[in-house]
$ cat structure03.pdb   # PDB, C-alpha atoms, pLDDT in the B column
MODEL        1
ATOM      1  CA  THR L   1     -15.822 -13.580 -22.643  1.00 88.00           C
ATOM      2  CA  VAL L   2     -13.117 -16.175 -23.027  1.00 91.00           C
ATOM      3  CA  LEU L   3     -12.664 -19.506 -21.279  1.00 92.00           C
ATOM      4  CA  ALA L   4      -9.018 -20.538 -21.280  1.00 94.00           C
ATOM      5  CA  ARG L   5      -6.657 -23.066 -19.846  1.00 95.00           C
ATOM      6  CA  ILE L   6      -4.113 -20.711 -18.221  1.00 97.00           C
ATOM      7  CA  SER L   7      -1.766 -23.399 -16.873  1.00 96.00           C
ATOM      8  CA  THR L   8      -1.367 -27.166 -16.976  1.00 96.00           C
ATOM      9  CA  ALA L   9       0.716 -29.833 -15.289  1.00 96.00           C
ATOM     10  CA  GLY L  10       2.672 -30.184 -18.536  1.00 95.00           C
ATOM     11  CA  VAL L  11       6.335 -29.422 -19.014  1.00 96.00           C
ATOM     12  CA  ASP L  12       6.702 -25.910 -20.432  1.00 96.00           C
ATOM     13  CA  ARG L  13       9.312 -24.539 -22.848  1.00 94.00           C
ATOM     14  CA  ASP L  14      11.653 -23.870 -19.902  1.00 94.00           C
ATOM     15  CA  GLY L  15      11.449 -27.483 -18.681  1.00 96.00           C
ATOM     16  CA  GLU L  16       9.318 -26.456 -15.701  1.00 97.00           C
ATOM     17  CA  VAL L  17       6.047 -27.804 -14.317  1.00 97.00           C
ATOM     18  CA  LEU L  18       3.586 -25.726 -12.304  1.00 97.00           C
ATOM     19  CA  VAL L  19       1.466 -28.131 -10.256  1.00 97.00           C
ATOM     20  CA  PRO L  20      -2.107 -26.777 -10.628  1.00 97.00           C
ATOM     21  CA  GLN L  21      -3.157 -27.771  -7.120  1.00 96.00           C
ATOM     22  CA  GLY L  22      -0.210 -25.738  -5.776  1.00 97.00           C
ATOM     23  CA  CYS L  23      -1.574 -22.462  -7.161  1.00 97.00           C
ATOM     24  CA  ASP L  24      -2.257 -19.823  -4.492  1.00 97.00           C
ATOM     25  CA  ALA L  25      -4.622 -17.215  -5.996  1.00 96.00           C
ATOM     26  CA  PRO L  26      -6.262 -15.180  -3.155  1.00 95.00           C
ATOM     27  CA  ASP L  27      -4.033 -12.124  -3.717  1.00 95.00           C
ATOM     28  CA  PHE L  28      -4.639 -12.280  -7.478  1.00 97.00           C
ATOM     29  CA  ASN L  29      -8.397 -12.452  -6.853  1.00 96.00           C
ATOM     30  CA  LYS L  30      -8.247  -9.078  -5.044  1.00 96.00           C
ATOM     31  CA  SER L  31      -7.195  -7.403  -8.307  1.00 95.00           C
ATOM     32  CA  PRO L  32      -7.934  -9.862 -11.134  1.00 97.00           C
ATOM     33  CA  THR L  33      -6.602  -7.867 -14.061  1.00 96.00           C
ATOM     34  CA  VAL L  34      -5.556  -9.792 -17.169  1.00 97.00           C
ATOM     35  CA  PHE L  35      -2.867  -8.282 -19.374  1.00 97.00           C
ATOM     36  CA  TYR L  36      -1.628  -8.589 -22.928  1.00 96.00           C
ATOM     37  CA  ASN L  37       1.708 -10.438 -23.091  1.00 95.00           C
ATOM     38  CA  HIS L  38       2.644  -9.725 -19.439  1.00 96.00           C
ATOM     39  CA  ASP L  39       2.826  -5.982 -20.150  1.00 96.00           C
ATOM     40  CA  TYR L  40       1.348  -4.350 -17.040  1.00 95.00           C
ATOM     41  CA  THR L  41       0.620  -1.170 -19.001  1.00 96.00           C
ATOM     42  CA  LEU L  42      -1.712  -3.152 -21.305  1.00 96.00           C
ATOM     43  CA  PRO L  43      -4.689  -4.429 -19.282  1.00 96.00           C
ATOM     44  CA  VAL L  44      -7.325  -5.991 -21.554  1.00 96.00           C
ATOM     45  CA  GLU L  45      -9.543  -8.261 -19.442  1.00 95.00           C
ATOM     46  CA  ARG L  46     -10.851  -8.996 -15.974  1.00 96.00           C
ATOM     47  CA  CYS L  47     -10.861 -12.513 -14.560  1.00 96.00           C
ATOM     48  CA  GLU L  48     -14.349 -13.625 -13.529  1.00 95.00           C
ATOM     49  CA  GLY L  49     -13.310 -16.932 -12.002  1.00 94.00           C
ATOM     50  CA  ILE L  50     -10.605 -19.558 -11.741  1.00 95.00           C
ATOM     51  CA  ARG L  51     -11.082 -23.308 -11.385  1.00 94.00           C
ATOM     52  CA  ARG L  52      -8.337 -25.726 -10.451  1.00 94.00           C
ATOM     53  CA  TYR L  53      -8.453 -29.276 -11.679  1.00 94.00           C
ATOM     54  CA  GLU L  54      -5.925 -32.038 -11.126  1.00 92.00           C
ATOM     55  CA  ASP L  55      -3.982 -31.308 -14.333  1.00 95.00           C
ATOM     56  CA  THR L  56      -5.089 -27.835 -15.365  1.00 96.00           C
ATOM     57  CA  ILE L  57      -6.256 -24.398 -14.269  1.00 97.00           C
ATOM     58  CA  GLU L  58      -9.056 -22.767 -16.235  1.00 96.00           C
ATOM     59  CA  ALA L  59     -10.146 -19.143 -16.087  1.00 96.00           C
ATOM     60  CA  LYS L  60     -13.109 -17.221 -17.414  1.00 95.00           C
ATOM     61  CA  THR L  61     -12.318 -13.658 -18.418  1.00 93.00           C
ATOM     62  CA  ARG L  62     -14.303 -10.735 -19.753  1.00 94.00           C
ATOM     63  CA  PHE L  63     -12.817  -8.146 -22.069  1.00 94.00           C
ATOM     64  CA  ALA L  64     -12.880  -4.483 -21.099  1.00 93.00           C
ATOM     65  CA  GLN L  65     -15.618  -2.576 -22.905  1.00 92.00           C
ATOM     66  CA  ARG L  66     -14.747   0.476 -24.967  1.00 92.00           C
ATOM     67  CA  PRO L  67     -15.866   3.638 -23.140  1.00 92.00           C
ATOM     68  CA  GLU L  68     -18.355   5.706 -25.163  1.00 91.00           C
ATOM     69  CA  ASN L  69     -16.051   8.729 -25.218  1.00 93.00           C
ATOM     70  CA  HIS L  70     -12.908   6.778 -26.214  1.00 91.00           C
ATOM     71  CA  GLN L  71     -11.293   7.964 -29.431  1.00 92.00           C
ATOM     72  CA  GLY L  72      -8.993   5.789 -31.536  1.00 91.00           C
ATOM     73  CA  PRO L  73      -8.100   2.120 -31.386  1.00 92.00           C
ATOM     74  CA  TRP L  74      -9.186   0.058 -28.354  1.00 93.00           C
ATOM     75  CA  LEU L  75      -6.658  -2.695 -27.593  1.00 95.00           C
ATOM     76  CA  PRO L  76      -9.154  -5.071 -25.930  1.00 95.00           C
ATOM     77  CA  ASP L  77     -11.280  -5.072 -29.121  1.00 93.00           C
ATOM     78  CA  SER L  78      -8.242  -5.868 -31.269  1.00 93.00           C
ATOM     79  CA  VAL L  79      -6.996  -8.649 -28.983  1.00 94.00           C
ATOM     80  CA  PHE L  80     -10.487 -10.166 -28.728  1.00 92.00           C
ATOM     81  CA  ALA L  81     -10.826 -10.174 -32.529  1.00 91.00           C
ATOM     82  CA  LEU L  82      -7.468 -11.969 -32.815  1.00 92.00           C
ATOM     83  CA  LEU L  83      -8.636 -14.574 -30.272  1.00 90.00           C
ATOM     84  CA  GLN L  84     -11.947 -15.118 -32.066  1.00 88.00           C
ATOM     85  CA  GLN L  85     -10.116 -15.657 -35.358  1.00 89.00           C
ATOM     86  CA  GLY L  86      -7.597 -18.045 -33.805  1.00 88.00           C
ATOM     87  CA  VAL L  87      -4.639 -15.796 -34.642  1.00 93.00           C
ATOM     88  CA  ILE L  88      -3.707 -15.724 -30.939  1.00 93.00           C
ATOM     89  CA  ASN L  89      -4.807 -18.534 -28.655  1.00 92.00           C
ATOM     90  CA  GLY L  90      -2.181 -18.719 -25.904  1.00 95.00           C
ATOM     91  CA  PHE L  91      -2.244 -17.765 -22.225  1.00 96.00           C
ATOM     92  CA  SER L  92       0.605 -17.499 -19.752  1.00 96.00           C
ATOM     93  CA  VAL L  93       0.889 -17.055 -15.980  1.00 97.00           C
ATOM     94  CA  GLY L  94       3.148 -14.747 -14.002  1.00 96.00           C
ATOM     95  CA  PHE L  95       3.985 -16.330 -10.646  1.00 96.00           C
ATOM     96  CA  VAL L  96       6.242 -16.337  -7.601  1.00 96.00           C
ATOM     97  CA  PRO L  97       7.661 -19.722  -6.571  1.00 97.00           C
ATOM     98  CA  VAL L  98       6.817 -20.811  -3.029  1.00 97.00           C
ATOM     99  CA  GLU L  99       8.031 -24.451  -3.020  1.00 97.00           C
ATOM    100  CA  GLY L 100       9.834 -26.401  -5.682  1.00 97.00           C
ATOM    101  CA  ARG L 101      12.259 -29.217  -6.329  1.00 97.00           C
ATOM    102  CA  HIS L 102      14.499 -30.756  -8.895  1.00 97.00           C
ATOM    103  CA  PRO L 103      12.580 -33.637 -10.483  1.00 97.00           C
ATOM    104  CA  SER L 104      12.547 -36.985  -8.722  1.00 96.00           C
ATOM    105  CA  LYS L 105      12.342 -40.273 -10.608  1.00 96.00           C
ATOM    106  CA  LYS L 106       8.600 -40.232  -9.941  1.00 96.00           C
ATOM    107  CA  ASP L 107       8.386 -36.708 -11.445  1.00 96.00           C
ATOM    108  CA  GLN L 108      10.303 -37.871 -14.518  1.00 96.00           C
ATOM    109  CA  GLN L 109       7.931 -40.811 -14.908  1.00 95.00           C
ATOM    110  CA  GLN L 110       4.913 -38.524 -14.561  1.00 94.00           C
ATOM    111  CA  PHE L 111       6.108 -35.517 -16.587  1.00 94.00           C
ATOM    112  CA  GLY L 112       8.758 -37.000 -18.895  1.00 94.00           C
ATOM    113  CA  SER L 113      12.495 -36.714 -19.225  1.00 93.00           C
ATOM    114  CA  LYS L 114      12.486 -33.019 -20.265  1.00 95.00           C
ATOM    115  CA  VAL L 115      11.348 -31.774 -16.834  1.00 96.00           C
ATOM    116  CA  ARG L 116      14.066 -29.694 -15.138  1.00 97.00           C
ATOM    117  CA  TYR L 117      12.123 -28.275 -12.168  1.00 97.00           C
ATOM    118  CA  VAL L 118       8.747 -28.803 -10.473  1.00 97.00           C
ATOM    119  CA  TYR L 119       6.972 -25.985  -8.645  1.00 97.00           C
ATOM    120  CA  SER L 120       4.691 -27.708  -6.147  1.00 97.00           C
ATOM    121  CA  LYS L 121       3.465 -24.405  -4.611  1.00 97.00           C
ATOM    122  CA  TRP L 122       3.356 -21.036  -6.330  1.00 97.00           C
ATOM    123  CA  LYS L 123       1.605 -17.693  -5.976  1.00 97.00           C
ATOM    124  CA  LEU L 124      -0.355 -16.467  -9.007  1.00 97.00           C
ATOM    125  CA  LEU L 125       0.491 -12.821  -9.688  1.00 97.00           C
ATOM    126  CA  GLU L 126      -1.290 -12.448 -13.013  1.00 97.00           C
ATOM    127  CA  TYR L 127      -2.061 -14.166 -16.257  1.00 97.00           C
ATOM    128  CA  SER L 128      -1.892 -12.790 -19.746  1.00 96.00           C
ATOM    129  CA  ILE L 129      -2.993 -13.419 -23.263  1.00 96.00           C
ATOM    130  CA  ALA L 130       0.283 -14.423 -24.866  1.00 95.00           C
ATOM    131  CA  PRO L 131       1.054 -15.019 -28.539  1.00 93.00           C
ATOM    132  CA  LEU L 132       3.894 -17.360 -27.487  1.00 93.00           C
ATOM    133  CA  PRO L 133       3.108 -18.912 -24.075  1.00 94.00           C
ATOM    134  CA  ALA L 134       5.769 -20.854 -22.145  1.00 94.00           C
ATOM    135  CA  ASN L 135       3.210 -23.632 -21.570  1.00 93.00           C
ATOM    136  CA  GLN L 136       2.172 -24.830 -25.037  1.00 92.00           C
ATOM    137  CA  ASP L 137      -1.064 -26.298 -23.620  1.00 93.00           C
ATOM    138  CA  ALA L 138      -2.269 -23.048 -22.002  1.00 92.00           C
ATOM    139  CA  LEU L 139      -4.815 -22.207 -24.693  1.00 90.00           C
ATOM    140  CA  VAL L 140      -8.220 -20.693 -25.365  1.00 90.00           C
ATOM    141  CA  LEU L 141     -10.997 -23.208 -24.882  1.00 85.00           C
ATOM    142  CA  ALA L 142     -13.861 -20.983 -26.097  1.00 78.00           C
ATOM    143  CA  ALA L 143     -14.389 -17.368 -27.140  1.00 70.00           C
ATOM    144  CA  SER L 144     -17.866 -15.897 -27.318  1.00 64.00           C
ATOM    145  CA  LYS L 145     -18.954 -15.110 -30.853  1.00 53.00           C
ATOM    146  CA  GLY L 146     -22.212 -13.239 -30.374  1.00 49.00           C
ATOM    147  CA  ILE L 147     -24.248 -16.435 -30.064  1.00 46.00           C
ATOM    148  CA  VAL L 148     -27.422 -16.138 -27.996  1.00 45.00           C
ATOM    149  CA  THR L 149     -29.945 -18.577 -26.578  1.00 50.00           C
ATOM    150  CA  ALA L 150     -33.174 -19.152 -28.494  1.00 55.00           C
ATOM    151  CA  ASN L 151     -35.160 -17.501 -25.676  1.00 55.00           C
ATOM    152  CA  ALA L 152     -32.950 -14.402 -25.867  1.00 50.00           C
ATOM    153  CA  ALA L 153     -33.403 -14.352 -29.665  1.00 53.00           C
ATOM    154  CA  ARG L 154     -37.192 -14.391 -29.218  1.00 56.00           C
ATOM    155  CA  GLN L 155     -36.949 -11.396 -26.866  1.00 53.00           C
ATOM    156  CA  LEU L 156     -34.773  -9.472 -29.309  1.00 49.00           C
ATOM    157  CA  PHE L 157     -36.854 -10.433 -32.364  1.00 55.00           C
ATOM    158  CA  PRO L 158     -40.443 -11.192 -31.232  1.00 62.00           C
ATOM    159  CA  ASP L 159     -41.621 -11.918 -34.798  1.00 64.00           C
ATOM    160  CA  LEU L 160     -38.854 -14.445 -35.375  1.00 59.00           C
ATOM    161  CA  THR L 161     -40.166 -17.924 -36.096  1.00 60.00           C
ATOM    162  CA  LEU L 162     -38.064 -20.664 -34.533  1.00 56.00           C
ATOM    163  CA  ALA L 163     -38.763 -24.338 -34.399  1.00 54.00           C
ATOM    164  CA  PRO L 164     -39.501 -25.536 -30.855  1.00 54.00           C
ATOM    165  CA  VAL L 165     -36.172 -25.644 -29.028  1.00 48.00           C
ATOM    166  CA  ARG L 166     -34.843 -26.554 -25.643  1.00 50.00           C
ATOM    167  CA  ALA L 167     -33.823 -23.600 -23.475  1.00 48.00           C
ATOM    168  CA  LYS L 168     -30.100 -24.428 -23.747  1.00 48.00           C
ATOM    169  CA  ARG L 169     -29.959 -24.544 -27.555  1.00 47.00           C
ATOM    170  CA  ARG L 170     -28.122 -21.581 -29.039  1.00 48.00           C
ATOM    171  CA  VAL L 171     -28.943 -19.644 -32.164  1.00 44.00           C
ATOM    172  CA  LEU L 172     -26.671 -17.538 -34.354  1.00 46.00           C
ATOM    173  CA  ILE L 173     -28.517 -14.535 -35.745  1.00 45.00           C
ATOM    174  CA  VAL L 174     -27.051 -12.710 -38.725  1.00 44.00           C
ATOM    175  CA  VAL L 175     -28.737  -9.394 -39.419  1.00 41.00           C
ATOM    176  CA  ASP L 176     -28.087  -7.425 -42.588  1.00 39.00           C
ATOM    177  CA  ALA L 177     -28.182  -3.778 -41.648  1.00 37.00           C
ATOM    178  CA  PRO L 178     -27.361  -0.640 -43.601  1.00 40.00           C
ATOM    179  CA  PRO L 179     -24.204   1.157 -42.494  1.00 42.00           C
ATOM    180  CA  GLN L 180     -24.796   3.698 -39.744  1.00 39.00           C
ATOM    181  CA  GLN L 181     -24.706   7.350 -40.703  1.00 40.00           C
ATOM    182  CA  VAL L 182     -22.139   9.369 -38.761  1.00 36.00           C
TER     183      VAL L 182
ENDMDL
END
$ encode --input "structure03.pdb" --output "structure tokens"
Amino acid sequence: TVLARISTAGVDRDGEVLVPQGCDAPDFNKSPTVFYNHDYTLPVERCEGIRRYEDTIEAKTRFAQRPENHQGPWLPDSVFALLQQGVINGFSVGFVPVEGRHPSKKDQQQFGSKVRYVYSKWKLLEYSIAPLPANQDALVLAASKGIVTANAARQLFPDLTLAPVRAKRRVLIVVDAPPQQV
């Protein structure tokens, strides 16, 4: 899974601001597919939840699992690996404007002189993993890396000796294994 900031109240590369509290997401939530670079033929994730804060919108997404009978490359695996390695860390929203305005003096004080337009209400259509997002602050916050809780480690490896730990502490387990025979 990936936790990402998918939009912020910052001025994007186009001089626009999407006010996070103005995001309308019920239609998106009916079909919460996440794409690669806004290409609707390249779905890679499913949104598991969106949270709006005053200055940002965060989303938790889960990558599509490779089907057992799938042959060849699996795009979600490749994109996830690039996110884990920090090669790609941007997100971008696709939206339909509902209400907007040219910036007032108050907007310019709040957002800076580079703001050209403020969208106070907008409908979220989709969001995507984007190598070059319009909003430079729409970034990955955390990507899972195979880290498990200590209790889960004990269940997987009953003979594992761990120092006493609190339930929320996480443990990284590295297992040397011989290559699988095909």
$ closest_residue --input "structure03.pdb" --among "L:Ile57, L:Val34, L:Leu18, L:Leu83" --to "Ser120 in chain L" --atoms "all atoms listed in the file"
L:Leu18
$ closest_residue --input "structure03.pdb" --among "L:Gln65, L:Gln109, L:Asn135, L:Asn37" --to "Asp77 in chain L" --atoms "only C-alpha atoms"
L:Gln65
$ atom_distance --input "structure03.pdb" --atom1 "CA of Gly15 in chain L" --atom2 "CA of Thr41 in chain L"
28.5 Å
$ closest_residue --input "structure03.pdb" --among "L:Ala64, L:Ala4, L:Leu124, L:Cys47" --to "Pro20 in chain L" --atoms "only C-alpha atoms"
L:Leu124
$ atom_distance --input "structure03.pdb" --atom1 "CA of Asp14 in chain L" --atom2 "CA of Tyr36 in chain L"
20.5 Å
$ closest_residue --input "structure03.pdb" --among "L:Leu75, L:Val11, L:Leu132, L:Val140" --to "Phe35 in chain L" --atoms "all atoms listed in the file"
L:Leu75
$ residues_around --input "structure03.pdb" --residues "Lys114 in chain L" --least-positions-apart "4" --cutoff "12 Å" --atoms "all atoms listed in the file" --output "ChimeraX atom specification"
/L:10-17,102-103,107-110,118
$ axis_aligned_box --input "structure03.pdb" --around "range 61-69 of chain L" --padding-each-side "8 Å" --output "lines of an AutoDock Vina configuration file"
center_x = -15.3
center_y = -2.5
center_z = -21.8
size_x = 22.0
size_y = 38.4
size_z = 22.8
$ atom_distance --input "structure03.pdb" --atom1 "CA of Pro97 in chain L" --atom2 "CA of Phe63 in chain L"
28.2 Å
$ closest_residue --input "structure03.pdb" --among "L:Phe111, L:Phe91, L:Tyr127, L:Trp74" --to "Arg46 in chain L" --atoms "all atoms listed in the file"
L:Tyr127
$ residues_around --input "structure03.pdb" --residues "Ile129 in chain L" --least-positions-apart "5" --cutoff "12 Å" --atoms "only C-alpha atoms" --output "NGL selection string"
:L and (2-7 or 33-40 or 42-47 or 59 or 61 or 63 or 76 or 79-80 or 82-83 or 87-94 or 134 or 138-140)
